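The next block is run.cif, given as mmCIF, C-alpha atoms, pLDDT in the B column; chains and numbers go by the auth columns.
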data_my_file
loop_
_atom_site.group_PDB
_atom_site.id
_atom_site.type_symbol
_atom_site.label_atom_id
_atom_site.label_comp_id
_atom_site.label_asym_id
_atom_site.label_seq_id
_atom_site.Cartn_x
_atom_site.Cartn_y
_atom_site.Cartn_z
_atom_site.B_iso_or_equiv
_atom_site.auth_seq_id
_atom_site.auth_asym_id
ATOM 1 C CA MET A 1 -29.380 -14.485 2.696 92.00 648 G
ATOM 2 C CA LEU A 2 -27.556 -12.058 0.419 91.00 649 G
ATOM 3 C CA SER A 3 -25.777 -14.874 -1.423 90.00 650 G
ATOM 4 C CA LYS A 4 -29.185 -16.482 -2.074 93.00 651 G
ATOM 5 C CA GLY A 5 -30.580 -13.186 -3.377 92.00 652 G
ATOM 6 C CA GLU A 6 -32.960 -12.925 -0.441 92.00 653 G
ATOM 7 C CA LYS A 7 -33.984 -9.622 1.087 92.00 654 G
ATOM 8 C CA LEU A 8 -32.528 -8.923 4.509 94.00 655 G
ATOM 9 C CA PRO A 9 -34.987 -8.399 7.365 94.00 656 G
ATOM 10 C CA VAL A 10 -33.183 -5.160 8.295 94.00 657 G
ATOM 11 C CA ASP A 11 -32.266 -2.113 6.209 95.00 658 G
ATOM 12 C CA PHE A 12 -28.623 -1.347 6.991 96.00 659 G
ATOM 13 C CA THR A 13 -28.481 1.809 4.848 96.00 660 G
ATOM 14 C CA ASN A 14 -26.536 4.536 6.681 96.00 661 G
ATOM 15 C CA ARG A 15 -26.370 2.416 9.813 96.00 662 G
ATOM 16 C CA VAL A 16 -23.590 1.108 12.008 96.00 663 G
ATOM 17 C CA ILE A 17 -23.248 -2.508 13.162 96.00 664 G
ATOM 18 C CA TYR A 18 -22.114 -3.050 16.749 95.00 665 G
ATOM 19 C CA TYR A 19 -20.682 -6.530 17.208 94.00 666 G
ATOM 20 C CA VAL A 20 -22.232 -7.327 20.589 92.00 667 G
ATOM 21 C CA GLY A 21 -24.328 -9.903 22.371 85.00 668 G
ATOM 22 C CA PRO A 22 -26.072 -7.790 24.997 87.00 669 G
ATOM 23 C CA VAL A 23 -26.943 -9.364 28.304 87.00 670 G
ATOM 24 C CA ASP A 24 -30.588 -9.254 29.364 88.00 671 G
ATOM 25 C CA PRO A 25 -31.485 -6.066 31.245 88.00 672 G
ATOM 26 C CA VAL A 26 -32.126 -6.060 34.968 88.00 673 G
ATOM 27 C CA GLY A 27 -34.547 -3.666 36.639 89.00 674 G
ATOM 28 C CA ASN A 28 -34.998 -0.550 34.531 88.00 675 G
ATOM 29 C CA GLU A 29 -31.868 -1.008 32.386 90.00 676 G
ATOM 30 C CA VAL A 30 -32.351 -0.715 28.616 92.00 677 G
ATOM 31 C CA VAL A 31 -29.852 -3.557 28.127 90.00 678 G
ATOM 32 C CA GLY A 32 -27.518 -5.377 30.434 89.00 679 G
ATOM 33 C CA PRO A 33 -23.744 -5.241 29.965 89.00 680 G
ATOM 34 C CA ALA A 34 -23.046 -4.754 26.254 90.00 681 G
ATOM 35 C CA GLY A 35 -19.330 -5.151 25.637 89.00 682 G
ATOM 36 C CA PRO A 36 -17.958 -5.488 22.120 91.00 683 G
ATOM 37 C CA THR A 37 -17.076 -8.811 20.551 90.00 684 G
ATOM 38 C CA THR A 38 -14.016 -9.337 18.375 92.00 685 G
ATOM 39 C CA ALA A 39 -14.418 -7.686 14.982 93.00 686 G
ATOM 40 C CA THR A 40 -11.737 -9.737 13.217 94.00 687 G
ATOM 41 C CA ARG A 41 -13.956 -12.813 13.016 93.00 688 G
ATOM 42 C CA MET A 42 -16.428 -10.745 10.967 95.00 689 G
ATOM 43 C CA ASP A 43 -13.796 -9.622 8.422 97.00 690 G
ATOM 44 C CA LYS A 44 -14.946 -12.141 5.809 96.00 691 G
ATOM 45 C CA PHE A 45 -18.342 -10.378 5.675 95.00 692 G
ATOM 46 C CA VAL A 46 -17.128 -6.758 5.456 97.00 693 G
ATOM 47 C CA GLU A 47 -16.926 -6.478 1.649 97.00 694 G
ATOM 48 C CA THR A 48 -20.378 -8.017 1.205 96.00 695 G
ATOM 49 C CA MET A 49 -21.984 -5.853 3.883 96.00 696 G
ATOM 50 C CA LEU A 50 -20.412 -2.627 2.637 97.00 697 G
ATOM 51 C CA SER A 51 -21.074 -3.293 -1.046 96.00 698 G
ATOM 52 C CA LYS A 52 -24.615 -4.659 -0.781 95.00 699 G
ATOM 53 C CA THR A 53 -26.297 -3.066 2.245 96.00 700 G
ATOM 54 C CA GLY A 54 -25.367 0.620 2.580 95.00 701 G
ATOM 55 C CA LEU A 55 -23.686 0.003 5.939 96.00 702 G
ATOM 56 C CA VAL A 56 -21.382 2.921 6.897 97.00 703 G
ATOM 57 C CA ALA A 57 -19.396 1.612 9.879 97.00 704 G
ATOM 58 C CA MET A 58 -18.814 -1.236 12.308 97.00 705 G
ATOM 59 C CA ILE A 59 -17.981 -1.283 16.023 96.00 706 G
ATOM 60 C CA GLY A 60 -16.168 -4.114 17.765 94.00 707 G
ATOM 61 C CA LYS A 61 -12.889 -4.790 19.487 92.00 708 G
ATOM 62 C CA GLY A 62 -9.568 -5.939 18.123 89.00 709 G
ATOM 63 C CA GLU A 63 -7.823 -5.468 14.827 92.00 710 G
ATOM 64 C CA ARG A 64 -9.223 -5.663 11.307 95.00 711 G
ATOM 65 C CA GLY A 65 -7.390 -7.790 8.771 95.00 712 G
ATOM 66 C CA PRO A 66 -6.106 -6.611 5.379 96.00 713 G
ATOM 67 C CA ALA A 67 -9.232 -7.665 3.428 96.00 714 G
ATOM 68 C CA ALA A 68 -11.516 -5.771 5.823 97.00 715 G
ATOM 69 C CA ILE A 69 -9.286 -2.684 5.733 97.00 716 G
ATOM 70 C CA ASP A 70 -9.268 -2.782 1.919 97.00 717 G
ATOM 71 C CA ALA A 71 -13.083 -2.987 1.872 97.00 718 G
ATOM 72 C CA ILE A 72 -13.386 -0.154 4.395 97.00 719 G
ATOM 73 C CA ARG A 73 -11.093 2.026 2.259 97.00 720 G
ATOM 74 C CA LYS A 74 -12.861 1.070 -0.989 97.00 721 G
ATOM 75 C CA HIS A 75 -16.315 1.926 0.379 97.00 722 G
ATOM 76 C CA ARG A 76 -15.141 4.915 2.458 97.00 723 G
ATOM 77 C CA ALA A 77 -16.584 3.380 5.603 97.00 724 G
ATOM 78 C CA ALA A 78 -15.064 3.156 9.095 97.00 725 G
ATOM 79 C CA SER A 79 -14.336 0.629 11.791 97.00 726 G
ATOM 80 C CA LEU A 80 -14.601 1.793 15.387 96.00 727 G
ATOM 81 C CA ILE A 81 -13.406 0.115 18.546 93.00 728 G
ATOM 82 C CA ALA A 82 -15.146 0.000 21.892 90.00 729 G
ATOM 83 C CA VAL A 83 -13.158 -0.873 24.964 82.00 730 G
ATOM 84 C CA GLY A 84 -13.401 -4.513 25.895 75.00 731 G
ATOM 85 C CA GLY A 85 -14.095 -5.038 29.593 78.00 732 G
ATOM 86 C CA ALA A 86 -16.206 -1.872 29.800 81.00 733 G
ATOM 87 C CA ALA A 87 -19.499 -3.605 28.987 85.00 734 G
ATOM 88 C CA TYR A 88 -21.410 -1.917 31.789 84.00 735 G
ATOM 89 C CA LEU A 89 -20.194 1.562 30.788 84.00 736 G
ATOM 90 C CA VAL A 90 -20.969 0.989 27.105 85.00 737 G
ATOM 91 C CA ALA A 91 -24.455 -0.208 28.028 88.00 738 G
ATOM 92 C CA LYS A 92 -25.099 3.141 29.734 89.00 739 G
ATOM 93 C CA ALA A 93 -24.793 4.838 26.298 92.00 740 G
ATOM 94 C CA ILE A 94 -27.651 2.704 24.942 93.00 741 G
ATOM 95 C CA ARG A 95 -30.867 4.712 25.415 94.00 742 G
ATOM 96 C CA LYS A 96 -33.334 2.452 23.574 94.00 743 G
ATOM 97 C CA SER A 97 -33.233 -1.126 22.341 93.00 744 G
ATOM 98 C CA ARG A 98 -35.550 -3.240 20.232 93.00 745 G
ATOM 99 C CA VAL A 99 -35.214 -6.507 18.369 93.00 746 G
ATOM 100 C CA LEU A 100 -35.422 -6.061 14.589 95.00 747 G
ATOM 101 C CA ALA A 101 -34.857 -9.615 13.394 95.00 748 G
ATOM 102 C CA PHE A 102 -34.126 -13.158 14.523 95.00 749 G
ATOM 103 C CA GLY A 103 -35.529 -12.636 18.035 92.00 750 G
ATOM 104 C CA ASP A 104 -35.471 -16.391 18.598 95.00 751 G
ATOM 105 C CA LEU A 105 -31.664 -16.150 18.714 92.00 752 G
ATOM 106 C CA GLY A 106 -31.721 -14.179 21.972 87.00 753 G
ATOM 107 C CA MET A 107 -28.560 -12.158 22.413 85.00 754 G
ATOM 108 C CA GLU A 108 -27.505 -13.097 18.855 89.00 755 G
ATOM 109 C CA ALA A 109 -30.607 -11.386 17.374 92.00 756 G
ATOM 110 C CA ILE A 110 -30.329 -8.164 15.381 94.00 757 G
ATOM 111 C CA TYR A 111 -31.111 -5.267 17.697 93.00 758 G
ATOM 112 C CA GLU A 112 -31.587 -1.604 16.970 94.00 759 G
ATOM 113 C CA PHE A 113 -29.931 0.580 19.597 94.00 760 G
ATOM 114 C CA GLU A 114 -30.356 4.289 20.039 94.00 761 G
ATOM 115 C CA VAL A 115 -27.110 5.508 21.586 93.00 762 G
ATOM 116 C CA LYS A 116 -25.811 8.744 23.037 94.00 763 G
ATOM 117 C CA ASP A 117 -22.157 9.451 23.791 91.00 764 G
ATOM 118 C CA MET A 118 -21.031 5.881 23.180 90.00 765 G
ATOM 119 C CA PRO A 119 -17.328 5.662 24.077 88.00 766 G
ATOM 120 C CA VAL A 120 -15.727 4.458 20.839 90.00 767 G
ATOM 121 C CA THR A 121 -12.543 5.313 18.937 91.00 768 G
ATOM 122 C CA VAL A 122 -11.908 5.271 15.187 93.00 769 G
ATOM 123 C CA ALA A 123 -9.735 2.226 14.528 94.00 770 G
ATOM 124 C CA VAL A 124 -9.802 2.240 10.694 95.00 771 G
ATOM 125 C CA ASP A 125 -10.794 5.426 8.902 95.00 772 G
ATOM 126 C CA ALA A 126 -12.290 5.885 5.428 95.00 773 G
ATOM 127 C CA LYS A 127 -8.772 6.081 3.936 96.00 774 G
ATOM 128 C CA GLY A 128 -7.908 2.670 5.380 94.00 775 G
ATOM 129 C CA ASP A 129 -5.525 4.047 8.006 94.00 776 G
ATOM 130 C CA SER A 130 -5.525 1.668 10.984 94.00 777 G
ATOM 131 C CA VAL A 131 -4.619 2.688 14.518 93.00 778 G
ATOM 132 C CA HIS A 132 -3.490 -0.922 15.034 90.00 779 G
ATOM 133 C CA GLN A 133 -0.711 -0.265 12.496 91.00 780 G
ATOM 134 C CA SER A 134 0.068 3.417 13.042 92.00 781 G
ATOM 135 C CA GLY A 135 -0.048 3.250 16.853 89.00 782 G
ATOM 136 C CA PRO A 136 2.544 0.515 17.348 89.00 783 G
ATOM 137 C CA ALA A 137 4.790 2.082 14.673 88.00 784 G
ATOM 138 C CA GLU A 138 4.652 5.459 16.417 87.00 785 G
ATOM 139 C CA TRP A 139 5.364 3.995 19.853 84.00 786 G
ATOM 140 C CA GLU A 140 8.192 1.829 18.540 83.00 787 G
ATOM 141 C CA LYS A 141 9.794 5.016 17.166 84.00 788 G
ATOM 142 C CA ARG A 142 9.259 6.920 20.422 82.00 789 G
ATOM 143 C CA ILE A 143 10.686 4.104 22.538 82.00 790 G
ATOM 144 C CA ARG A 144 13.745 3.847 20.279 80.00 791 G
ATOM 145 C CA GLU A 145 14.361 7.597 20.575 84.00 792 G
ATOM 146 C CA PHE A 146 13.701 7.682 24.322 80.00 793 G
ATOM 147 C CA LYS A 147 16.964 7.908 26.263 66.00 794 G
ATOM 148 C CA ILE A 148 16.860 6.732 29.854 60.00 795 G
ATOM 149 C CA PRO A 149 19.526 8.492 31.899 61.00 796 G
ATOM 150 C CA VAL A 150 21.617 6.042 33.827 61.00 797 G
ATOM 151 C CA GLY A 151 22.850 7.253 37.160 66.00 798 G
ATOM 152 C CA VAL A 152 24.301 5.881 40.316 66.00 799 G
ATOM 153 C CA ALA A 153 22.077 6.125 43.362 58.00 800 G
#
Any chance you could give the structure as C-alpha cells?
Amino acid sequence: MLSKGEKLPVDFTNRVIYYVGPVDPVGNEVVGPAGPTTATRMDKFVETMLSKTGLVAMIGKGERGPAAIDAIRKHRAASLIAVGGAAYLVAKAIRKSRVLAFGDLGMEAIYEFEVKDMPVTVAVDAKGDSVHQSGPAEWEKRIREFKIPVGVA
C-alpha cells in the first residue's frame, strides 16, 4: 500500500508491531496463545515501516539482519524479543484486543493489543547494538577464559 501511495488503514505513529498470529480465545480469554513469529522474515520491511509510518519498535523472535539493524539505528527505534514457546504466558499480558484492519485474514489481521507487563527483552537498541552479536561474543570470551580444574577422582 505504501509503495502505491495509498493510506494505511492503521496509524502506526508511536506504536509497536508484535509479529504474532494469535490463536482464537477460549472462554473468557482476551486472545488465545500469542507467541512471537520470526522477525527476520520481516527485515525487508523495516526501513519502509520506520521511515514512513512513525513506528517506534517491533517485537518478534530471532535475530535481525544487517539491513534491519541499520534501519533501527538510523531511526532510533528498537527491536524486542519475546520468548518463543511461551505463547500462553505472553497472551496473559494482553489485556484487550481488537481488529483494526484486514479482519477477513483471521489471525493475520492487524490487531490492536493493550498489554501490561509483557515479558520481552531488548534485542536491538536505538544505537543498533544487538544482543545476538554481543551475547555470543561475551560468552565466547567467558568460555575461553574459564579454566576447568582437572582432578583425579
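You will find CA of Gly701 in chain G at 24.1 Å from CA of Ala740 in chain G.
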Requested in this report: Fewer than 4 positions away in the same chain doesn't count, so skip those; otherwise give me all residues within 9 Å of Glu755 in chain G, counting only C-alpha atoms, as a VMD selection string.
Outcome: chain G and resid 667 to 669 749 to 751
Query - From G:Val762, G:Leu752, G:Val769, G:Met705, residue lying nearest Lys739 in chain G [all atoms listed in the file] - result: G:Val762
Contact residues around Arg742 in chain G with all atoms listed in the file at 9 Å, ignoring same-chain residues under 4 positions, as a tab-separated table (two decimals) with C-alpha atoms, keeping the file's coordinate frame:
chain	number	residue	atom	x	y	z
G	677	VAL	CA	-32.35	-0.72	28.62
G	678	VAL	CA	-29.85	-3.56	28.13
G	738	ALA	CA	-24.46	-0.21	28.03
G	760	PHE	CA	-29.93	0.58	19.60
G	761	GLU	CA	-30.36	4.29	20.04
G	762	VAL	CA	-27.11	5.51	21.59
G	763	LYS	CA	-25.81	8.74	23.04
Query raised in the report: Can you list, as a PyMOL selection string, the residues that the PyMOL selection byres ((chain G and resi 772) around 10) selects here?
Result: chain G and resi 704+716+719-720+723-727+769-771+773-778
Query raised in the report: Selected by the PyMOL selection byres ((chain G and resi 690) around 9) in the shown coordinates: which residues, as a VMD selection string?
Result: chain G and resid 686 to 689 691 to 694 711 to 716
Query raised in the report: Between CA of Arg662 in chain G and CA of Val767 in chain G, what is the spacing in Å?
Result: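 If I compute the distance from CA of Val767 in chain G to CA of Arg662 in chain G, I get 15.5 Å.
If you look at CA of Pro683 in chain G and CA of Tyr666 in chain G, they are 5.7 Å away from each other.
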Query raised in the report: If we count all atoms listed in the file, what is near Val730 in chain G at a cut-off of 9 Å, once residues fewer than 6 positions away on the same chain are taken out, given as a VMD selection string?
Result: chain G and resid 682 to 683 707 to 708 737 766 to 768
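Closest approach to Ile728 in chain G among G:Glu787, G:Asp658, G:Glu710, G:Glu759: G:Glu710, based on all atoms listed in the file.
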Report task. Measuring atom to atom with only C-alpha atoms, identify which of G:Ala729, G:Val673, G:Leu649, G:Ile757 is nearest to Thr685 in chain G. Result -> G:Ala729
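Compared by their closest atoms to Asn675 in chain G, and using all atoms listed in the file, the residues G:Lys743, G:Lys721, G:Lys699, G:Lys651 rank with G:Lys743 nearest.
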Take every atom of range 683-701 of chain G listed in the file, fit an axis-aligned box around them, add 8 Å per side, and give the centre and edge lengths in Å to one decimal as JSON.
{"center_x": -19.0, "center_y": -6.1, "center_z": 10.5, "size_x": 30.6, "size_y": 29.4, "size_z": 39.2}
Query - Of the listed residues G:Ala733, G:Met648, G:Leu655, G:Met754, that which approaches Val670 in chain G most closely, counting only C-alpha atoms - result: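 Checking each candidate against Val670 in chain G, we get G:Met754 as the closest.
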Requested in this report: Identify which of the residues G:Ala681, G:Leu697, G:Ala784, G:Val657 lies closest to Asp717 in chain G, counting only C-alpha atoms when measuring atom-to-atom distances.
Outcome: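 For Asp717 in chain G, the nearest of the candidates is G:Leu697.
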